[in-house]
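Peer 1: To be precise about what I am sending: the file is called protein_23.cif and holds mmCIF, C-alpha atoms and all ligand atoms.
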data_run
loop_
_atom_site.label_atom_id
_atom_site.label_comp_id
_atom_site.auth_asym_id
_atom_site.auth_seq_id
_atom_site.Cartn_x
_atom_site.Cartn_y
_atom_site.Cartn_z
CA MET A 23 -33.16 -29.40 -11.98
CA ALA A 24 -35.25 -27.47 -9.49
CA VAL A 25 -33.17 -24.33 -9.81
CA GLU A 26 -34.00 -24.11 -13.53
CA VAL A 27 -37.71 -24.30 -12.76
CA PHE A 28 -37.32 -21.58 -10.13
CA LYS A 29 -35.58 -19.38 -12.69
CA GLU A 30 -38.36 -20.05 -15.18
CA ILE A 31 -40.98 -19.08 -12.58
CA ALA A 32 -39.11 -15.87 -11.68
CA ASP A 33 -38.95 -14.92 -15.38
CA TYR A 34 -42.67 -15.69 -15.76
CA LEU A 35 -43.53 -13.33 -12.90
CA VAL A 36 -41.20 -10.55 -14.09
CA ALA A 37 -42.74 -10.82 -17.58
CA ALA A 38 -46.24 -10.48 -16.09
CA GLU A 39 -45.17 -7.32 -14.23
CA VAL A 40 -43.38 -5.77 -17.20
CA GLU A 41 -46.13 -6.66 -19.70
CA LYS A 42 -48.82 -5.62 -17.19
CA ARG A 43 -50.94 -8.73 -17.51
CA GLU A 44 -52.28 -11.15 -14.96
CA VAL A 45 -51.10 -14.74 -15.10
CA VAL A 46 -52.20 -18.13 -13.79
CA LYS A 47 -50.76 -18.73 -10.32
CA VAL A 48 -47.50 -20.63 -10.05
CA THR A 49 -48.96 -23.51 -8.05
CA LYS A 50 -51.33 -24.10 -10.96
CA ALA A 51 -49.10 -23.30 -13.94
CA PHE A 52 -45.84 -24.87 -12.73
CA LYS A 53 -45.60 -26.68 -9.45
CA PRO A 54 -48.59 -27.56 -7.23
CA ASP A 55 -46.26 -28.71 -4.46
CA LEU A 56 -44.09 -25.56 -4.37
CA THR A 57 -43.08 -25.06 -0.73
CA VAL A 58 -42.78 -21.70 1.02
CA GLU A 59 -39.03 -22.19 1.26
CA GLU A 60 -38.80 -22.84 -2.49
CA ALA A 61 -41.04 -19.82 -3.13
CA TYR A 62 -38.52 -17.62 -1.28
CA GLN A 63 -35.81 -19.06 -3.57
CA VAL A 64 -37.91 -17.99 -6.57
CA GLN A 65 -38.35 -14.56 -4.95
CA GLU A 66 -34.60 -14.28 -4.49
CA LEU A 67 -34.02 -14.97 -8.20
CA LEU A 68 -36.70 -12.41 -9.11
CA VAL A 69 -35.13 -9.81 -6.81
CA GLN A 70 -31.66 -10.55 -8.19
CA ARG A 71 -32.99 -10.02 -11.72
CA LYS A 72 -34.22 -6.56 -10.76
CA VAL A 73 -30.84 -5.74 -9.19
CA ASP A 74 -29.06 -7.00 -12.34
CA GLU A 75 -31.33 -4.78 -14.44
CA GLY A 76 -30.05 -1.77 -12.49
CA HIS A 77 -32.87 -1.19 -10.03
CA ARG A 78 -31.84 -0.04 -6.57
CA MET A 79 -33.31 -1.82 -3.57
CA ILE A 80 -35.00 0.41 -0.97
CA GLY A 81 -35.45 -2.41 1.51
CA PRO A 82 -37.60 -5.35 2.49
CA LYS A 83 -41.29 -4.98 3.38
CA MET A 84 -43.69 -7.04 5.44
CA GLY A 85 -47.11 -8.20 4.28
CA LEU A 86 -50.04 -10.17 5.64
CA THR A 87 -49.54 -8.91 9.19
CA SER A 88 -53.15 -8.05 10.13
CA LYS A 89 -56.36 -10.01 10.56
CA ALA A 90 -58.04 -7.71 8.03
CA LYS A 91 -55.53 -8.84 5.39
CA TRP A 92 -55.64 -12.50 6.43
CA ASP A 93 -59.42 -12.51 6.06
CA GLN A 94 -59.32 -10.64 2.76
CA MET A 95 -56.62 -12.76 1.11
CA GLY A 96 -57.31 -16.13 2.72
CA VAL A 97 -53.64 -16.46 3.66
CA SER A 98 -52.80 -15.90 7.32
CA GLU A 99 -49.06 -15.93 7.59
CA PRO A 100 -46.72 -12.91 7.54
CA ILE A 101 -44.48 -12.72 4.47
CA TYR A 102 -41.81 -10.40 3.14
CA GLY A 103 -40.89 -8.96 -0.23
CA TYR A 104 -38.66 -6.17 -1.53
CA VAL A 105 -39.28 -2.56 -2.59
CA PHE A 106 -37.22 -1.01 -5.41
CA ASP A 107 -36.56 2.59 -6.44
CA TYR A 108 -38.76 2.43 -9.56
CA MET A 109 -41.73 1.67 -7.29
CA LEU A 110 -41.65 5.00 -5.46
CA VAL A 111 -44.40 7.55 -6.12
CA ASN A 112 -44.10 11.04 -4.60
CA ASN A 113 -46.48 12.07 -1.86
CA GLY A 114 -49.21 14.03 -3.70
CA GLY A 115 -48.09 12.54 -7.01
CA VAL A 116 -49.81 10.66 -9.80
CA LEU A 117 -49.92 6.91 -10.26
CA PRO A 118 -50.49 6.02 -13.94
CA PHE A 119 -53.07 3.23 -13.96
CA SER A 120 -51.78 1.94 -17.31
CA ASP A 121 -48.46 1.01 -15.62
CA LEU A 122 -50.21 -1.62 -13.51
CA ILE A 123 -52.52 -4.66 -13.76
CA HIS A 124 -55.31 -4.33 -11.14
CA PRO A 125 -53.88 -2.18 -8.33
CA LYS A 126 -55.18 -1.96 -4.78
CA VAL A 127 -54.12 0.48 -2.06
CA GLU A 128 -53.50 -0.11 1.64
CA ALA A 129 -52.44 2.05 4.62
CA GLU A 130 -49.23 1.19 6.47
CA ILE A 131 -46.74 2.50 9.00
CA ALA A 132 -43.13 2.50 7.81
CA PHE A 133 -39.92 2.35 9.84
CA LEU A 134 -36.68 4.11 8.93
CA ILE A 135 -34.05 1.92 10.50
CA GLY A 136 -31.25 3.66 12.43
CA GLU A 137 -29.05 0.65 13.24
CA ASP A 138 -28.64 -2.84 11.76
CA ILE A 139 -31.04 -5.40 13.27
CA GLN A 140 -29.75 -8.95 13.31
CA GLY A 141 -32.08 -11.80 14.26
CA PRO A 142 -32.97 -14.33 15.53
CA GLY A 143 -34.72 -13.52 18.78
CA ILE A 144 -35.50 -9.88 17.98
CA THR A 145 -38.47 -8.30 19.79
CA GLY A 146 -40.63 -5.29 18.96
CA ALA A 147 -38.98 -3.31 21.77
CA GLN A 148 -35.54 -3.94 20.26
CA VAL A 149 -36.83 -2.78 16.87
CA LEU A 150 -38.13 0.46 18.39
CA ALA A 151 -34.77 1.11 20.03
CA LYS A 152 -33.10 0.83 16.60
CA THR A 153 -35.70 2.83 14.66
CA GLN A 154 -34.70 6.35 13.72
CA TYR A 155 -38.09 7.52 12.47
CA VAL A 156 -41.55 6.27 11.70
CA LEU A 157 -43.54 7.58 8.75
CA PRO A 158 -46.94 6.99 7.20
CA ALA A 159 -47.24 5.22 3.85
CA LEU A 160 -49.67 3.99 1.24
CA GLU A 161 -48.68 0.81 -0.52
CA ILE A 162 -50.08 -0.03 -3.94
CA ILE A 163 -50.12 -3.80 -4.33
CA ASP A 164 -50.62 -5.43 -7.72
CA SER A 165 -50.56 -9.22 -7.55
CA ARG A 166 -49.51 -10.62 -10.87
CA TYR A 167 -52.13 -13.38 -10.42
CA GLU A 168 -55.66 -13.50 -11.81
CA ASN A 169 -58.10 -11.86 -9.37
CA PHE A 170 -55.44 -11.60 -6.63
CA ASN A 171 -56.08 -15.30 -6.09
CA PHE A 172 -53.08 -17.07 -4.58
CA THR A 173 -51.73 -19.47 -1.95
CA LEU A 174 -48.91 -18.62 0.45
CA PRO A 175 -46.12 -19.96 -1.84
CA ASP A 176 -47.63 -18.13 -4.86
CA VAL A 177 -47.63 -14.73 -3.16
CA VAL A 178 -44.13 -15.23 -1.74
CA ALA A 179 -42.76 -16.05 -5.22
CA ASP A 180 -44.53 -12.93 -6.57
CA ASN A 181 -42.52 -10.64 -4.27
CA ALA A 182 -45.53 -10.25 -1.95
CA SER A 183 -47.55 -8.39 -4.64
CA THR A 184 -45.23 -5.39 -4.22
CA SER A 185 -45.80 -2.73 -6.87
CA ARG A 186 -45.67 0.94 -5.77
CA VAL A 187 -45.22 2.89 -2.51
CA VAL A 188 -46.02 6.45 -1.47
CA PHE A 189 -44.14 7.47 1.67
CA GLY A 190 -45.34 10.39 3.78
CA THR A 191 -43.01 13.32 4.18
CA ALA A 192 -43.27 13.75 7.97
CA LEU A 193 -40.58 11.84 9.87
CA ARG A 194 -41.29 11.40 13.58
CA LYS A 195 -39.36 9.73 16.39
CA PRO A 196 -41.05 6.50 17.48
CA SER A 197 -40.69 7.60 21.14
CA GLU A 198 -43.20 10.41 20.47
CA PHE A 199 -46.01 7.91 19.96
CA ASP A 200 -47.72 4.87 21.19
CA LEU A 201 -47.68 3.22 17.76
CA GLU A 202 -50.15 0.64 18.99
CA LEU A 203 -52.79 3.34 19.33
CA ILE A 204 -52.17 5.32 16.16
CA GLY A 205 -55.42 5.58 14.23
CA ALA A 206 -55.41 5.59 10.44
CA THR A 207 -58.07 6.20 7.81
CA LEU A 208 -58.02 5.41 4.11
CA SER A 209 -60.34 7.50 1.92
CA ILE A 210 -60.96 7.62 -1.80
CA ASN A 211 -62.56 10.70 -3.36
CA GLY A 212 -63.43 11.94 0.11
CA GLN A 213 -65.25 8.76 1.04
CA LEU A 214 -63.96 6.72 4.00
CA LYS A 215 -63.11 3.19 2.82
CA GLU A 216 -61.13 1.62 5.67
CA LEU A 217 -59.92 2.51 9.14
CA GLY A 218 -57.73 0.88 11.75
CA ALA A 219 -55.14 1.29 14.49
CA GLY A 220 -51.48 0.35 14.77
CA ALA A 221 -52.33 -2.58 17.04
CA ALA A 222 -54.02 -4.28 14.06
CA VAL A 223 -50.51 -5.18 12.86
CA LEU A 224 -49.43 -8.11 15.05
CA GLY A 225 -50.39 -6.18 18.20
CA HIS A 226 -47.85 -3.44 17.42
CA PRO A 227 -46.29 -2.55 14.03
CA ALA A 228 -42.77 -2.93 15.48
CA ASN A 229 -43.57 -6.62 15.99
CA ALA A 230 -43.85 -7.00 12.20
CA ILE A 231 -40.34 -5.60 11.78
CA ALA A 232 -39.10 -8.00 14.49
CA VAL A 233 -40.67 -10.93 12.61
CA LEU A 234 -38.89 -9.72 9.48
CA ALA A 235 -35.51 -9.58 11.26
CA ASN A 236 -36.08 -13.13 12.51
CA MET A 237 -37.13 -14.41 9.08
CA LEU A 238 -34.14 -12.77 7.37
CA ALA A 239 -31.84 -14.38 9.95
CA ARG A 240 -32.81 -17.78 8.54
CA LYS A 241 -30.96 -16.91 5.35
CA GLY A 242 -28.11 -15.22 7.20
CA GLU A 243 -29.33 -11.69 6.48
CA LYS A 244 -30.25 -8.72 8.65
CA ILE A 245 -32.24 -5.50 8.47
CA LYS A 246 -29.83 -2.74 7.52
CA LYS A 247 -29.40 0.82 8.76
CA GLY A 248 -31.07 3.25 6.34
CA GLU A 249 -33.72 0.85 5.05
CA ILE A 250 -37.32 2.11 5.05
CA ILE A 251 -39.57 -0.83 5.84
CA LEU A 252 -43.34 -1.20 5.50
CA SER A 253 -44.87 -3.09 8.43
CA GLY A 254 -47.91 -4.38 6.51
CA ALA A 255 -51.43 -3.09 5.95
CA LEU A 256 -53.56 -2.15 8.96
CA THR A 257 -56.74 -2.82 7.02
CA SER A 258 -58.01 -4.57 3.91
CA ALA A 259 -56.75 -3.26 0.57
CA VAL A 260 -59.06 -1.21 -1.69
CA MET A 261 -59.32 -1.54 -5.48
CA LEU A 262 -58.21 1.55 -7.45
CA SER A 263 -59.75 3.15 -10.55
CA ILE A 264 -58.63 5.91 -12.92
CA GLY A 265 -59.49 9.32 -11.47
CA ASP A 266 -59.31 8.25 -7.82
CA PHE A 267 -57.86 10.66 -5.27
CA VAL A 268 -56.49 8.57 -2.42
CA SER A 269 -55.76 9.88 1.07
CA GLY A 270 -54.34 8.07 4.08
CA LYS A 271 -54.44 10.01 7.36
CA PHE A 272 -52.45 8.86 10.37
CA ASP A 273 -52.93 10.37 13.81
CA GLY A 274 -49.86 12.47 14.59
CA LEU A 275 -48.04 11.37 11.42
CA GLY A 276 -49.95 13.40 8.86
CA GLU A 277 -51.46 12.63 5.49
CA VAL A 278 -50.24 10.71 2.44
CA THR A 279 -52.01 11.23 -0.89
CA PHE A 280 -51.85 10.35 -4.57
CA SER A 281 -54.09 10.46 -7.63
CA VAL A 282 -54.68 7.67 -10.09
CA GLY A 283 -54.07 8.92 -13.65
CA GLU A 284 -54.53 7.17 -16.97
C1 LIG B 1 -50.08 -9.60 -0.55
C2 LIG B 1 -49.31 -8.40 -0.05
C3 LIG B 1 -49.71 -8.03 1.33
C4 LIG B 1 -49.69 -6.31 3.14
O1 LIG B 1 -49.40 -5.17 3.52
O2 LIG B 1 -50.39 -7.06 3.81
C5 LIG B 1 -49.20 -6.74 1.81
C6 LIG B 1 -51.42 -9.22 -1.08
O3 LIG B 1 -52.33 -8.94 -0.31
O4 LIG B 1 -51.58 -9.23 -2.32
O5 LIG B 1 -48.45 -6.01 1.21
MG MG B 2 -48.59 -4.00 2.05
#
I'd like the structure from this file rewritten - as structure tokens, please.

Peer 2:
Amino acid sequence: MAVEVFKEIADYLVAAEVEKREVVKVTKAFKPDLTVEEAYQVQELLVQRKVDEGHRMIGPKMGLTSKAKWDQMGVSEPIYGYVFDYMLVNNGGVLPFSDLIHPKVEAEIAFLIGEDIQGPGITGAQVLAKTQYVLPALEIIDSRYENFNFTLPDVVADNASTSRVVFGTALRKPSEFDLELIGATLSINGQLKELGAGAAVLGHPANAIAVLANMLARKGEKIKKGEIILSGALTSAVMLSIGDFVSGKFDGLGEVTFSVGE
């Protein structure tokens, strides 16, 4: 019985994304007692649907890994979702606003994984040892829910609001930096909107990747060599509008930009 409801919820969320319209959250429209574990089962069905439709998976991502995000969203537990090829926007490229519902942007540090990472028990130091490069990124999140209003199970089912990603083009060895201390700014049309440091993400962004490895281990999965993984926003997310020029600058890692088109 339950599995059919999960499938129905996954289809409901995919339809919202494809038709670019916000929907009532799952815990209101379907199942008030949806657990986090069940929500990940819904997410798995949603992800499988994208794979079946021919989309290529880039890798998992982490979300809700900083106090700024916990305070903004009212949900204070790290989650994961998945990034697909159709979500990639070139650095310096254009994001068509009409493709999305009510997008927001956030600054993140991404990890290009050099060796498989199999949890449980993984630490940030182990993640760093298996990271080939780090790179700056801007994630565009677009919750399928009205006003980005959700509970933990809702956002998990909705693939962690994942929508678009702009990766920076500079790849740097993690050993060249103290990622804890990397400063980042997020500006729109030349105006500073948010700023933070790497330590905002669970004390060190590598810790977010370690949490991911340990969460994936629960379902018998691992982080795989070659995946590029977002560690979660350093700061609150900022609403986007048509005509915006967005710039994320990361100390030592360079700049990531995009424009919001119609
Ligand atoms: C959930 C996605 C969070 C992050 O980096 O914290 C996320 C949301 O805020 O809608 O991607
Ligand atoms: Mg994010």

Peer 1: Neighbours of Gln154 (chain A) within 8 Å (only C-alpha atoms; same-chain residues fewer than 3 positions away dropped), as JSON, numbers by chain?

Peer 2: {"A": [133, 134, 135, 136, 195, 196]}

Peer 1: Which residues are near Gly212 (chain A)? Cut-off 10 Å, only C-alpha atoms, ignore same chain within fewer than 5 positions. Put them as a ChimeraX atom specification.

Peer 2: /A:266-269

Peer 1: Please, what distance in Å, to one decimal, runs between CA of Gly274 (chain A) and CA of Ser209 (chain A)?

Peer 2: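 According to the coordinates, CA of Gly274 (chain A) and CA of Ser209 (chain A) are separated by 17.2 Å.
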
Peer 1: Can you build me a table of chain A residues sitting at most 6 Å from ligand MG 2 (chain B), with the closest atom pair per residue and its distance in Å to one decimal, using all atoms listed in the file, sorted by chain and residue number, as a tab-separated table?

Peer 2:
residue	atom	partner	partner_atom	distance
A:Gly85	CA	B:MG2	MG	5.0
A:Glu161	CA	B:MG2	MG	5.5
A:Gly254	CA	B:MG2	MG	4.5
A:Ala255	CA	B:MG2	MG	4.9

Peer 1: Which one is closest to Ala179 (chain A): A:Ala151, A:Val278, A:Ile101, A:Val73? Count only C-alpha atoms.

Peer 2: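 Of A:Ala151, A:Val278, A:Ile101, A:Val73, the one nearest Ala179 (chain A), counting only C-alpha atoms, is A:Ile101.
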
Peer 1: In terms of the shortest atom-to-atom distance over all atoms listed in the file, which of A:Leu122, A:Ala219, A:Ile204, A:Leu160 is closest to Lys42 (chain A)?

Peer 2: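 Among A:Leu122, A:Ala219, A:Ile204, A:Leu160, it is A:Leu122 that comes nearest to Lys42 (chain A).
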
Peer 1: Please build the interface table for chain A against ligand LIG 1 (chain B) with a cut-off of 10 Å, listing for each qualifying residue the nearest atom pair and the distance in Å to one decimal; count all atoms listed in the file, order rows by chain and increasing number, and write it as JSON lines.

Peer 2:
{"residue": "A:Lys83", "atom": "CA", "partner": "B:LIG1", "partner_atom": "O5", "distance": 7.6}
{"residue": "A:Met84", "atom": "CA", "partner": "B:LIG1", "partner_atom": "O1", "distance": 6.3}
{"residue": "A:Gly85", "atom": "CA", "partner": "B:LIG1", "partner_atom": "C4", "distance": 3.4}
{"residue": "A:Leu86", "atom": "CA", "partner": "B:LIG1", "partner_atom": "O2", "distance": 3.6}
{"residue": "A:Thr87", "atom": "CA", "partner": "B:LIG1", "partner_atom": "O2", "distance": 5.8}
{"residue": "A:Ser88", "atom": "CA", "partner": "B:LIG1", "partner_atom": "O2", "distance": 7.0}
{"residue": "A:Lys89", "atom": "CA", "partner": "B:LIG1", "partner_atom": "O2", "distance": 9.5}
{"residue": "A:Ala90", "atom": "CA", "partner": "B:LIG1", "partner_atom": "O2", "distance": 8.8}
{"residue": "A:Lys91", "atom": "CA", "partner": "B:LIG1", "partner_atom": "O2", "distance": 5.7}
{"residue": "A:Trp92", "atom": "CA", "partner": "B:LIG1", "partner_atom": "O2", "distance": 8.0}
{"residue": "A:Gln94", "atom": "CA", "partner": "B:LIG1", "partner_atom": "O3", "distance": 7.8}
{"residue": "A:Met95", "atom": "CA", "partner": "B:LIG1", "partner_atom": "O3", "distance": 5.9}
{"residue": "A:Gly96", "atom": "CA", "partner": "B:LIG1", "partner_atom": "O3", "distance": 9.3}
{"residue": "A:Val97", "atom": "CA", "partner": "B:LIG1", "partner_atom": "O3", "distance": 8.6}
{"residue": "A:Ser98", "atom": "CA", "partner": "B:LIG1", "partner_atom": "O2", "distance": 9.8}
{"residue": "A:Glu99", "atom": "CA", "partner": "B:LIG1", "partner_atom": "O2", "distance": 9.7}
{"residue": "A:Pro100", "atom": "CA", "partner": "B:LIG1", "partner_atom": "O2", "distance": 7.8}
{"residue": "A:Ile101", "atom": "CA", "partner": "B:LIG1", "partner_atom": "C3", "distance": 7.7}
{"residue": "A:Tyr102", "atom": "CA", "partner": "B:LIG1", "partner_atom": "O5", "distance": 8.2}
{"residue": "A:Gly103", "atom": "CA", "partner": "B:LIG1", "partner_atom": "O5", "distance": 8.2}
{"residue": "A:Pro125", "atom": "CA", "partner": "B:LIG1", "partner_atom": "O4", "distance": 9.5}
{"residue": "A:Lys126", "atom": "CA", "partner": "B:LIG1", "partner_atom": "O4", "distance": 8.5}
{"residue": "A:Val127", "atom": "CA", "partner": "B:LIG1", "partner_atom": "O5", "distance": 9.2}
{"residue": "A:Glu128", "atom": "CA", "partner": "B:LIG1", "partner_atom": "O1", "distance": 6.8}
{"residue": "A:Ala129", "atom": "CA", "partner": "B:LIG1", "partner_atom": "O1", "distance": 7.9}
{"residue": "A:Glu130", "atom": "CA", "partner": "B:LIG1", "partner_atom": "O1", "distance": 7.0}
{"residue": "A:Ile131", "atom": "CA", "partner": "B:LIG1", "partner_atom": "O1", "distance": 9.8}
{"residue": "A:Leu160", "atom": "CA", "partner": "B:LIG1", "partner_atom": "O1", "distance": 9.4}
{"residue": "A:Glu161", "atom": "CA", "partner": "B:LIG1", "partner_atom": "O5", "distance": 7.0}
{"residue": "A:Ile162", "atom": "CA", "partner": "B:LIG1", "partner_atom": "O5", "distance": 8.1}
{"residue": "A:Ile163", "atom": "CA", "partner": "B:LIG1", "partner_atom": "O4", "distance": 6.0}
{"residue": "A:Asp164", "atom": "CA", "partner": "B:LIG1", "partner_atom": "O4", "distance": 6.7}
{"residue": "A:Ser165", "atom": "CA", "partner": "B:LIG1", "partner_atom": "O4", "distance": 5.3}
{"residue": "A:Arg166", "atom": "CA", "partner": "B:LIG1", "partner_atom": "O4", "distance": 8.9}
{"residue": "A:Tyr167", "atom": "CA", "partner": "B:LIG1", "partner_atom": "O4", "distance": 9.1}
{"residue": "A:Asn169", "atom": "CA", "partner": "B:LIG1", "partner_atom": "O4", "distance": 10.0}
{"residue": "A:Phe170", "atom": "CA", "partner": "B:LIG1", "partner_atom": "O4", "distance": 6.3}
{"residue": "A:Asn171", "atom": "CA", "partner": "B:LIG1", "partner_atom": "O4", "distance": 8.4}
{"residue": "A:Phe172", "atom": "CA", "partner": "B:LIG1", "partner_atom": "O4", "distance": 8.3}
{"residue": "A:Leu174", "atom": "CA", "partner": "B:LIG1", "partner_atom": "C1", "distance": 9.2}
{"residue": "A:Asp176", "atom": "CA", "partner": "B:LIG1", "partner_atom": "C1", "distance": 9.9}
{"residue": "A:Val177", "atom": "CA", "partner": "B:LIG1", "partner_atom": "C1", "distance": 6.3}
{"residue": "A:Val178", "atom": "CA", "partner": "B:LIG1", "partner_atom": "C1", "distance": 8.3}
{"residue": "A:Asp180", "atom": "CA", "partner": "B:LIG1", "partner_atom": "C1", "distance": 8.8}
{"residue": "A:Asn181", "atom": "CA", "partner": "B:LIG1", "partner_atom": "C2", "distance": 8.3}
{"residue": "A:Ala182", "atom": "CA", "partner": "B:LIG1", "partner_atom": "C2", "distance": 4.6}
{"residue": "A:Ser183", "atom": "CA", "partner": "B:LIG1", "partner_atom": "O4", "distance": 4.7}
{"residue": "A:Thr184", "atom": "CA", "partner": "B:LIG1", "partner_atom": "O5", "distance": 6.3}
{"residue": "A:Ser185", "atom": "CA", "partner": "B:LIG1", "partner_atom": "O5", "distance": 9.1}
{"residue": "A:Val223", "atom": "CA", "partner": "B:LIG1", "partner_atom": "O2", "distance": 9.2}
{"residue": "A:Leu252", "atom": "CA", "partner": "B:LIG1", "partner_atom": "O1", "distance": 7.5}
{"residue": "A:Ser253", "atom": "CA", "partner": "B:LIG1", "partner_atom": "O1", "distance": 7.0}
{"residue": "A:Gly254", "atom": "CA", "partner": "B:LIG1", "partner_atom": "O1", "distance": 3.4}
{"residue": "A:Ala255", "atom": "CA", "partner": "B:LIG1", "partner_atom": "O1", "distance": 3.8}
{"residue": "A:Leu256", "atom": "CA", "partner": "B:LIG1", "partner_atom": "O1", "distance": 7.5}
{"residue": "A:Thr257", "atom": "CA", "partner": "B:LIG1", "partner_atom": "O2", "distance": 8.3}
{"residue": "A:Ser258", "atom": "CA", "partner": "B:LIG1", "partner_atom": "O2", "distance": 8.0}
{"residue": "A:Ala259", "atom": "CA", "partner": "B:LIG1", "partner_atom": "O3", "distance": 7.3}

Peer 1: Could you check which residues have any atom within 8 Å of (-37.1, -10.2, -3.8), counting all atoms listed in the file with coordinates taken straight from the file, and then list them as a PyMOL selection string?

Peer 2: chain A and resi 62+65-70+82+103-104+181

Peer 1: Quick one: of A:Leu201, A:Ala232, A:Met237, A:Val116, who's nearest to Gly218 (chain A), counting all atoms listed in the file?

Peer 2: A:Leu201

Peer 1: Under the rule that only C-alpha atoms are counted, which of A:Leu203, A:Phe28, A:Gly143, A:Asn113 is the nearest residue to Val233 (chain A)?

Peer 2: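 Under the stated criterion, the closest residue is A:Gly143.
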
Peer 1: Name the residues in contact with Ala239 (chain A) at a cut-off of 6 Å, using only C-alpha atoms, excluding same-chain residues fewer than 3 positions from it; report them as a list in words.

Peer 2: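 Answer for this query is Gly141, Pro142, Asn236, Gly242 and Glu243 of chain A.
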
Peer 1: Calculate how many Å separate CA of Val149 (chain A) from CA of Arg240 (chain A), rounding to one decimal.

Peer 2: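 Result for CA of Val149 (chain A) versus CA of Arg240 (chain A): 17.6 Å, one decimal.
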
Peer 1: Which residue gives the smallest distance to Val187 (chain A) among A:Gly205, A:Gly220, A:Gly114, A:Gly248, with all atoms listed in the file counted?

Peer 2: A:Gly114

Peer 1: For the atom pair CA of Glu60 (chain A) and CA of Val36 (chain A), what is the interatomic distance in Å to one decimal place?

Peer 2: 17.1 Å

Peer 1: For each of A:Ala32, A:Val25, A:Val105, A:Ile210, take the minimum atom-to-atom distance to Met79 (chain A), counting all atoms listed in the file, then give the residue where this is smallest.

Peer 2: A:Val105

Peer 1: Residues near Gly270 (chain A), anyone? I mean within 6 Å using all atoms listed in the file, not counting same-chain ones fewer than 2 positions away, as a list of chain:residue names.

Peer 2: A:Thr207, A:Leu208, A:Glu277, A:Val278

Peer 1: If we count only C-alpha atoms and set the cut-off at 6 Å, which residues sit around Phe272 (chain A), ignoring sequence neighbours fewer than 3 positions away in its own chain? Please answer as a list in words.

Peer 2: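 With the cut-off at 6 Å, the set is Gly205, Ala206, Leu275 and Gly276 of chain A.
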
Peer 1: Could those residues be written to a file, using C-alpha atoms, as a compact mmCIF listing (two decimals), keeping the file's coordinate frame?

Peer 2:
# COMPACT_ATOMS: atom_id res chain seq x y z
CA GLY A 205 -55.42 5.58 14.23
CA ALA A 206 -55.41 5.59 10.44
CA LEU A 275 -48.04 11.37 11.42
CA GLY A 276 -49.95 13.40 8.86
